[in-house]
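**Q** See entry_27.cif below, with mmCIF, C-alpha atoms and all ligand atoms.
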```cif
data_coords
loop_
_atom_site.label_atom_id
_atom_site.label_comp_id
_atom_site.auth_asym_id
_atom_site.auth_seq_id
_atom_site.Cartn_x
_atom_site.Cartn_y
_atom_site.Cartn_z
CA MET A 661 98.70 107.89 113.05
CA SER A 662 95.94 106.34 115.11
CA LYS A 663 96.03 103.44 117.53
CA TYR A 664 93.33 100.89 118.39
CA GLU A 665 93.75 98.32 121.14
CA LYS A 666 91.79 95.46 122.66
CA GLY A 667 92.77 92.43 124.73
CA GLY A 668 96.44 92.08 123.79
CA HIS A 669 95.97 93.18 120.16
CA ILE A 670 97.10 96.59 118.88
CA ILE A 671 96.41 98.06 115.45
CA TYR A 672 98.16 101.18 114.14
CA HIS A 673 96.76 103.03 111.16
CA GLY A 674 99.94 104.60 109.85
CA GLU A 675 103.23 104.21 108.05
CA ALA A 676 105.25 101.15 109.06
CA LEU A 677 108.66 102.80 109.50
CA GLU A 678 107.31 105.77 111.42
CA VAL A 679 105.16 103.63 113.73
CA MET A 680 107.98 101.21 114.48
CA LYS A 681 110.43 104.10 115.15
CA ASN A 682 108.06 105.97 117.46
CA GLU A 683 106.02 103.26 119.13
CA ILE A 684 107.87 99.96 119.40
CA PRO A 685 110.60 99.61 122.06
CA ASP A 686 113.95 97.88 121.43
CA GLU A 687 113.99 94.10 121.74
CA SER A 688 110.29 93.80 122.61
CA ILE A 689 108.93 91.48 119.87
CA ASP A 690 109.13 87.68 119.73
CA LEU A 691 108.14 87.17 116.11
CA VAL A 692 108.00 89.54 113.13
CA PHE A 693 106.23 88.50 109.94
CA VAL A 694 106.86 90.92 107.07
CA ASP A 695 104.95 90.80 103.81
CA PRO A 696 105.64 94.24 102.31
CA PRO A 697 104.65 95.69 98.95
CA TYR A 698 106.72 93.75 96.38
CA ASN A 699 107.51 96.53 93.85
CA ILE A 700 105.51 94.75 91.15
CA GLY A 701 102.93 97.43 90.44
CA LYS A 702 99.98 96.16 92.46
CA ARG A 703 97.35 98.59 93.59
CA PHE A 704 96.74 98.59 97.36
CA ALA A 705 93.80 101.02 97.70
CA ASP A 706 95.52 104.44 97.35
CA PHE A 707 99.02 102.98 97.45
CA ASP A 708 100.86 102.15 94.23
CA ASP A 709 103.36 99.36 94.71
CA ARG A 710 106.03 100.63 92.27
CA TRP A 711 109.43 102.18 92.95
CA PRO A 712 111.50 103.93 90.25
CA SER A 713 114.18 101.21 90.43
CA ASP A 714 115.08 97.99 92.24
CA ALA A 715 117.82 99.87 94.07
CA GLU A 716 115.35 102.45 95.40
CA TYR A 717 112.95 99.74 96.52
CA ALA A 718 115.81 98.01 98.34
CA LYS A 719 116.92 101.29 99.98
CA TRP A 720 113.34 101.83 101.23
CA ALA A 721 113.19 98.26 102.54
CA TYR A 722 116.55 98.37 104.33
CA GLU A 723 115.24 101.12 106.60
CA TRP A 724 112.32 99.07 107.91
CA ILE A 725 114.39 95.87 107.97
CA ASP A 726 116.78 97.68 110.36
CA GLU A 727 113.80 98.66 112.50
CA CYS A 728 112.48 95.09 112.56
CA ILE A 729 115.88 93.93 113.75
CA ARG A 730 116.01 96.62 116.44
CA ILE A 731 112.62 95.67 117.92
CA LEU A 732 113.20 91.92 117.78
CA LYS A 733 114.09 90.24 121.09
CA PRO A 734 117.55 88.58 121.26
CA THR A 735 115.72 85.24 120.94
CA GLY A 736 113.36 86.55 118.27
CA THR A 737 112.53 85.33 114.78
CA MET A 738 111.70 87.20 111.58
CA TYR A 739 110.01 85.83 108.46
CA LEU A 740 110.50 88.09 105.48
CA MET A 741 108.75 87.92 102.13
CA THR A 742 109.09 89.80 98.87
CA SER A 743 108.96 89.09 95.14
CA THR A 744 111.31 86.52 93.64
CA GLN A 745 113.20 89.26 91.81
CA ALA A 746 113.67 91.47 94.90
CA MET A 747 114.57 88.68 97.31
CA PRO A 748 118.29 88.65 96.40
CA TYR A 749 118.55 92.26 97.67
CA PHE A 750 116.88 91.28 100.96
CA ASP A 751 118.88 88.10 101.35
CA LEU A 752 122.27 89.79 100.90
CA TYR A 753 121.34 92.55 103.33
CA VAL A 754 119.79 90.35 106.01
CA ARG A 755 122.45 87.64 106.03
CA ASP A 756 124.98 90.20 107.38
CA ARG A 757 122.68 91.12 110.25
CA LEU A 758 120.74 87.97 111.21
CA SER A 759 121.16 84.23 110.80
CA ILE A 760 119.09 82.97 107.90
CA LEU A 761 118.01 79.46 108.91
CA SER A 762 115.80 78.60 105.92
CA ARG A 763 114.97 79.94 102.51
CA ILE A 764 111.35 78.82 102.17
CA ILE A 765 109.42 78.51 98.95
CA TRP A 766 105.67 78.99 99.29
CA SER A 767 104.42 77.18 96.24
CA TYR A 768 100.87 77.15 94.90
CA ASP A 769 98.99 75.93 91.92
CA SER A 770 96.84 77.97 89.63
CA SER A 771 94.13 77.06 87.18
CA GLY A 772 94.81 80.23 85.19
CA VAL A 773 97.45 80.90 82.55
CA GLN A 774 100.44 82.46 84.28
CA ALA A 775 102.61 83.14 81.24
CA LYS A 776 102.83 81.96 77.64
CA LYS A 777 106.39 82.82 76.67
CA TYR A 778 108.23 81.91 79.86
CA TYR A 779 107.69 79.76 82.95
CA GLY A 780 104.98 81.40 85.03
CA SER A 781 105.69 82.34 88.61
CA MET A 782 104.17 79.78 90.95
CA TYR A 783 105.94 80.53 94.21
CA GLU A 784 106.91 83.25 96.64
CA PRO A 785 110.13 83.16 98.66
CA ILE A 786 110.25 83.58 102.45
CA LEU A 787 113.39 84.08 104.56
CA HIS A 788 113.30 82.51 108.01
CA CYS A 789 115.84 84.39 110.16
CA VAL A 790 116.79 84.58 113.82
CA LYS A 791 118.92 86.91 115.91
CA ASN A 792 120.74 84.15 117.71
CA ARG A 793 121.04 80.74 116.07
CA LYS A 794 121.91 79.22 119.48
CA SER A 795 118.75 80.47 121.17
CA TYR A 796 115.47 80.82 119.30
CA CYS A 797 111.95 79.39 119.38
CA PHE A 798 111.18 76.46 117.06
CA ASN A 799 108.30 74.24 118.17
CA ALA A 800 109.10 71.38 115.84
CA ASP A 801 106.58 69.00 117.45
CA ASP A 802 103.74 71.46 116.85
CA ILE A 803 104.12 71.56 113.07
CA LEU A 804 104.75 67.92 112.18
CA ILE A 805 103.34 66.69 108.88
CA GLU A 806 102.83 63.23 107.41
CA ALA A 807 105.95 62.12 105.52
CA LYS A 808 105.25 60.97 101.97
CA THR A 809 107.15 57.71 101.60
CA GLY A 810 105.47 56.52 98.42
CA ALA A 811 104.81 53.16 100.12
CA LYS A 812 101.29 51.73 99.84
CA ARG A 813 101.58 49.74 103.07
CA LYS A 814 102.75 51.01 106.44
CA LEU A 815 106.53 50.65 106.69
CA ILE A 816 107.87 48.50 109.52
CA ASP A 817 111.18 49.07 111.26
CA TYR A 818 112.78 45.64 111.98
CA ARG A 819 116.04 47.00 113.38
CA GLY A 820 115.13 46.85 117.09
CA ASP A 821 114.27 43.80 119.25
CA THR A 822 110.60 44.24 118.43
CA PRO A 823 109.42 45.36 114.98
CA LYS A 824 107.51 48.61 115.11
CA LEU A 825 105.84 50.99 112.69
CA TYR A 826 108.12 53.67 111.25
CA ASN A 827 107.46 57.16 112.52
CA THR A 828 105.76 58.81 109.58
CA LYS A 829 105.69 62.33 110.99
CA LYS A 830 108.33 64.88 110.11
CA VAL A 831 109.15 68.57 110.30
CA PRO A 832 108.18 70.18 106.98
CA GLY A 833 110.95 70.91 104.51
CA ASN A 834 111.45 74.32 102.97
CA VAL A 835 108.94 73.89 100.13
CA TRP A 836 105.48 74.65 101.44
CA LYS A 837 102.36 73.97 99.44
CA PHE A 838 99.33 75.98 100.52
CA PRO A 839 96.59 77.14 98.16
CA ARG A 840 96.28 80.88 97.63
CA VAL A 841 93.22 82.53 99.15
CA ARG A 842 90.30 82.14 96.73
CA TYR A 843 87.06 84.03 96.56
CA ARG A 844 85.04 81.08 97.74
CA MET A 845 87.13 80.49 100.86
CA ASP A 846 85.66 81.65 104.18
CA GLU A 847 88.78 83.62 105.00
CA TYR A 848 88.63 85.70 101.77
CA GLU A 849 88.86 89.49 102.13
CA ASP A 850 88.88 92.15 99.43
CA HIS A 851 92.65 92.70 99.03
CA PRO A 852 95.03 91.91 96.15
CA SER A 853 97.63 90.04 98.18
CA GLN A 854 95.99 88.22 101.08
CA LYS A 855 98.12 85.46 102.59
CA PRO A 856 96.44 82.19 103.61
CA GLU A 857 95.77 81.49 107.26
CA ALA A 858 97.42 78.07 106.87
CA LEU A 859 100.75 79.72 106.00
CA LEU A 860 100.63 81.97 109.04
CA GLU A 861 99.46 79.11 111.26
CA ARG A 862 102.64 77.16 110.53
CA ILE A 863 104.86 80.19 111.08
CA ILE A 864 103.24 81.32 114.31
CA ARG A 865 102.96 77.82 115.73
CA ALA A 866 106.62 77.06 114.99
CA SER A 867 108.20 80.34 115.99
CA SER A 868 106.23 81.64 118.97
CA ASN A 869 104.60 80.49 122.18
CA THR A 870 101.32 81.32 123.89
CA GLY A 871 101.44 84.89 125.23
CA ASP A 872 104.27 85.97 122.87
CA THR A 873 103.97 89.12 120.78
CA VAL A 874 103.79 88.87 116.99
CA LEU A 875 104.28 92.01 114.87
CA ASP A 876 103.23 92.54 111.24
CA PRO A 877 104.25 95.96 109.87
CA PHE A 878 102.35 95.62 106.54
CA SER A 879 99.17 93.97 107.69
CA GLY A 880 96.90 94.09 104.64
CA THR A 881 93.95 91.90 105.63
CA PHE A 882 95.45 91.25 109.08
CA THR A 883 95.87 87.51 108.55
CA THR A 884 98.87 87.49 110.90
CA ALA A 885 97.01 89.11 113.79
CA ALA A 886 93.85 87.06 113.22
CA VAL A 887 95.84 83.82 113.36
CA ALA A 888 97.94 85.05 116.30
CA LYS A 889 94.74 85.80 118.19
CA SER A 890 93.31 82.35 117.46
CA MET A 891 96.50 80.87 118.93
CA GLU A 892 96.51 83.03 122.06
CA ARG A 893 99.46 85.16 121.03
CA ASN A 894 99.41 88.97 121.32
CA SER A 895 99.71 91.02 118.16
CA ILE A 896 100.79 94.41 116.82
CA SER A 897 99.69 95.34 113.31
CA ILE A 898 100.44 98.36 111.11
CA GLU A 899 98.60 99.27 107.92
CA SER A 900 98.64 102.53 105.97
CA GLN A 901 95.39 102.13 104.00
CA GLU A 902 92.12 102.97 105.68
CA SER A 903 90.04 100.44 103.76
CA TYR A 904 92.31 97.63 104.97
CA LEU A 905 92.46 99.05 108.50
CA LYS A 906 88.72 98.44 108.67
CA ILE A 907 89.28 94.74 107.90
CA GLY A 908 91.62 94.58 110.91
CA LEU A 909 89.23 96.38 113.22
CA ARG A 910 86.58 93.79 112.36
CA ARG A 911 88.76 90.71 112.04
CA VAL A 912 91.09 91.24 115.00
CA LEU A 913 89.38 93.65 117.38
CA SER A 914 85.86 92.30 116.64
CA MET A 915 84.54 95.85 116.08
CA ASN A 916 81.15 96.11 114.36
CA GLU A 917 81.50 99.74 113.39
CA SER A 918 84.03 102.55 113.09
CA ASP A 919 83.23 106.25 112.76
CA GLY A 920 79.56 105.40 112.27
CA GLU A 921 80.32 102.97 109.43
CA LYS A 922 79.29 99.33 109.74
CA LEU A 923 82.23 96.95 109.41
CA GLU A 924 81.04 93.94 107.47
CA ALA A 925 82.67 90.93 105.87
CA VAL A 926 82.73 90.75 102.05
CA LYS A 927 79.29 90.02 100.69
CA LYS A 928 79.65 87.20 98.19
CA ASN A 929 76.92 87.50 95.60
CA THR A 930 78.48 85.79 92.62
CA LYS A 931 76.08 82.94 92.08
CA ILE A 932 75.32 83.26 88.37
CA LYS A 933 72.58 81.19 86.78
CA ASN A 934 73.88 80.31 83.34
CA GLY A 935 71.36 77.76 82.26
CA HIS A 936 73.69 74.85 83.15
CA GLY A 937 73.35 74.92 86.89
CA VAL A 938 75.11 77.44 89.07
CA LYS A 939 78.45 78.89 88.09
CA TYR A 940 80.71 80.68 90.58
CA GLU A 941 82.68 83.61 89.32
CA GLU A 942 86.37 83.42 90.33
CA LYS A 943 87.26 86.86 91.60
CA SER A 944 90.66 86.08 93.09
CA GLY A 945 93.29 86.93 90.46
CA ASP A 946 94.21 83.70 88.75
CA LEU A 947 96.44 85.66 86.41
CA PHE A 948 98.39 87.05 89.35
CA SER A 949 102.08 86.73 88.76
CA VAL A 950 104.82 87.76 91.14
CA ASP A 951 107.41 87.93 88.39
CA SER A 952 105.60 90.57 86.43
C1 LIG B 1 101.54 92.48 100.53
S1 LIG B 1 100.33 93.34 101.40
C2 LIG B 1 100.20 92.47 102.93
C3 LIG B 1 99.19 91.36 102.86
C4 LIG B 1 99.00 90.65 104.18
N1 LIG B 1 100.12 89.84 104.54
C5 LIG B 1 97.75 89.79 104.17
O1 LIG B 1 97.79 88.58 104.45
O2 LIG B 1 96.68 90.33 103.85
C6 LIG B 1 101.18 94.82 101.87
C7 LIG B 1 100.31 95.83 102.62
O3 LIG B 1 101.15 96.91 103.05
C8 LIG B 1 100.39 98.11 103.02
N2 LIG B 1 101.36 99.21 103.00
C9 LIG B 1 102.03 99.72 101.93
N3 LIG B 1 102.94 100.63 102.34
C10 LIG B 1 102.85 100.70 103.68
C11 LIG B 1 103.55 101.44 104.67
N4 LIG B 1 104.53 102.27 104.34
N5 LIG B 1 103.21 101.24 105.96
C12 LIG B 1 102.22 100.37 106.31
N6 LIG B 1 101.52 99.65 105.41
C13 LIG B 1 101.84 99.79 104.12
C14 LIG B 1 99.53 97.97 101.78
O4 LIG B 1 98.39 98.79 101.85
C15 LIG B 1 99.21 96.47 101.78
O5 LIG B 1 97.96 96.23 102.41
#
```
Starting from the coordinates I provided, produce the structure as structure tokens.
**A**
Amino acid sequence: MSKYEKGGHIIYHGEALEVMKNEIPDESIDLVFVDPPYNIGKRFADFDDRWPSDAEYAKWAYEWIDECIRILKPTGTMYLMTSTQAMPYFDLYVRDRLSILSRIIWSYDSSGVQAKKYYGSMYEPILHCVKNRKSYCFNADDILIEAKTGAKRKLIDYRGDTPKLYNTKKVPGNVWKFPRVRYRMDEYEDHPSQKPEALLERIIRASSNTGDTVLDPFSGTFTTAAVAKSMERNSISIESQESYLKIGLRRVLSMNESDGEKLEAVKKNTKIKNGHGVKYEEKSGDLFSVDS
């Protein structure tokens, strides 16, 4: 295990359970965002995301879920993701230990064919849980969105003494639409399961305050820490794969090199002249399916 640290941001290169057990004190974290391997056979560098059975995947997960609960402050919040098929295991386990406030659907569209003989998977579930449902952080005013009323004109509220415009802002519901990270987006990194910054922005804005500590035990491309940093939160990240660690060192700790190797953003060289103008190759997996 190695540790890197700069200005309120810590990165561990190591195994999530071991790092949490040995390095993170009880009740020290305000917000945990967990986006683990989903047990759907993805390849994360040298790590193969496949367990022999659902039950063994769940048993593995319950150990780090317990750790996440241990390190969460009494007022803390955890957001927990996994595949649609594994989520029932997580939900049943977590609901006995934390209060699940929302079961969020992160829904996205895809131009690719998802499935031909069944309904393709177009969402990923997220549990929003807290330790104490009477005392937790939820900055509702910081995440307001425009309500879709369907009306063409502005609606007017005539019920008071003076007519006034209806408030059209509201707290988002539990179906969130954010595009997946595509090759052409600035935030794109070379990783099979990068989460969009917009998703993490909503979570971090709603469930933490400036100066709070946000932990992500399966950091991947370090979206959580990068967004936390941009919002003046502190962060702790854990990632087992060296190639992804390097993304974090660059993206979160602003390091230009590590062990003599230059740390550079993905070079996008996919402009292909095809005789009909310029075509961009879509490298992000359009055929990605969670329910595989
Ligand atoms: C679903 S991805 C996380 C993606 C991340 N949320 C993002 O936005 O890029 C899961 C990550 O966990 C890493 N990983 C797998 N097993 C691990 C373990 N035991 N400890 C720490 N990291 C692990 C994988 O290498 C992979 O990068």
**Q** Of the residues A:Arg757, A:Arg840, A:Lys830, A:Lys812, which is the one nearest to ligand LIG 1 (chain B), using only C-alpha atoms and all ligand atoms?
**A**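 With only C-alpha atoms and all ligand atoms as the atom set, the closest residue is A:Arg840.
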**Q** So that I can check the surroundings of A:Leu923, please list as a VMD selection string every protein, DNA and RNA residue that reaches within 10 Å of it, counting all atoms listed in the file and ignoring chain neighbours fewer than 4 positions away.
**A** chain A and resid 906 to 911 914 to 919
**Q** May I ask for the distance between atom CA of A:Ile689 and atom CA of A:Glu727, given in Å to one decimal place?
**A**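 Calculated distance between atom CA of A:Ile689 and atom CA of A:Glu727 is 11.4 Å.
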**Q** Take atom CA of A:Val692 and atom CA of A:Tyr664 and report the distance between them in Å, one decimal.
**A**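 Pair atom CA of A:Val692 / atom CA of A:Tyr664 returns 19.3 Å.
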**Q** One decimal, Å: what's the distance from atom CA of A:Asp708 over to atom CA of A:Ile729, could you say?
**A**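 We find that atom CA of A:Asp708 and atom CA of A:Ile729 lie 26.0 Å from each other.
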**Q** Taking all atoms listed in the file into account, which of A:Met661, A:Val790, A:Ile896, A:Leu752 comes nearest A:Ile684?
**A**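 Of A:Met661, A:Val790, A:Ile896, A:Leu752, the one nearest A:Ile684, counting all atoms listed in the file, is A:Ile896.
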**Q** For stretch 848-865 of chain A, what centre and edge lengths in Å (one decimal) does the axis-aligned box get once 3 Å is added on each side of all its listed atoms, as lines of an AutoDock Vina configuration file?
**A**
```
center_x = 96.7
center_y = 84.9
center_z = 105.9
size_x = 22.2
size_y = 21.5
size_z = 25.6
```
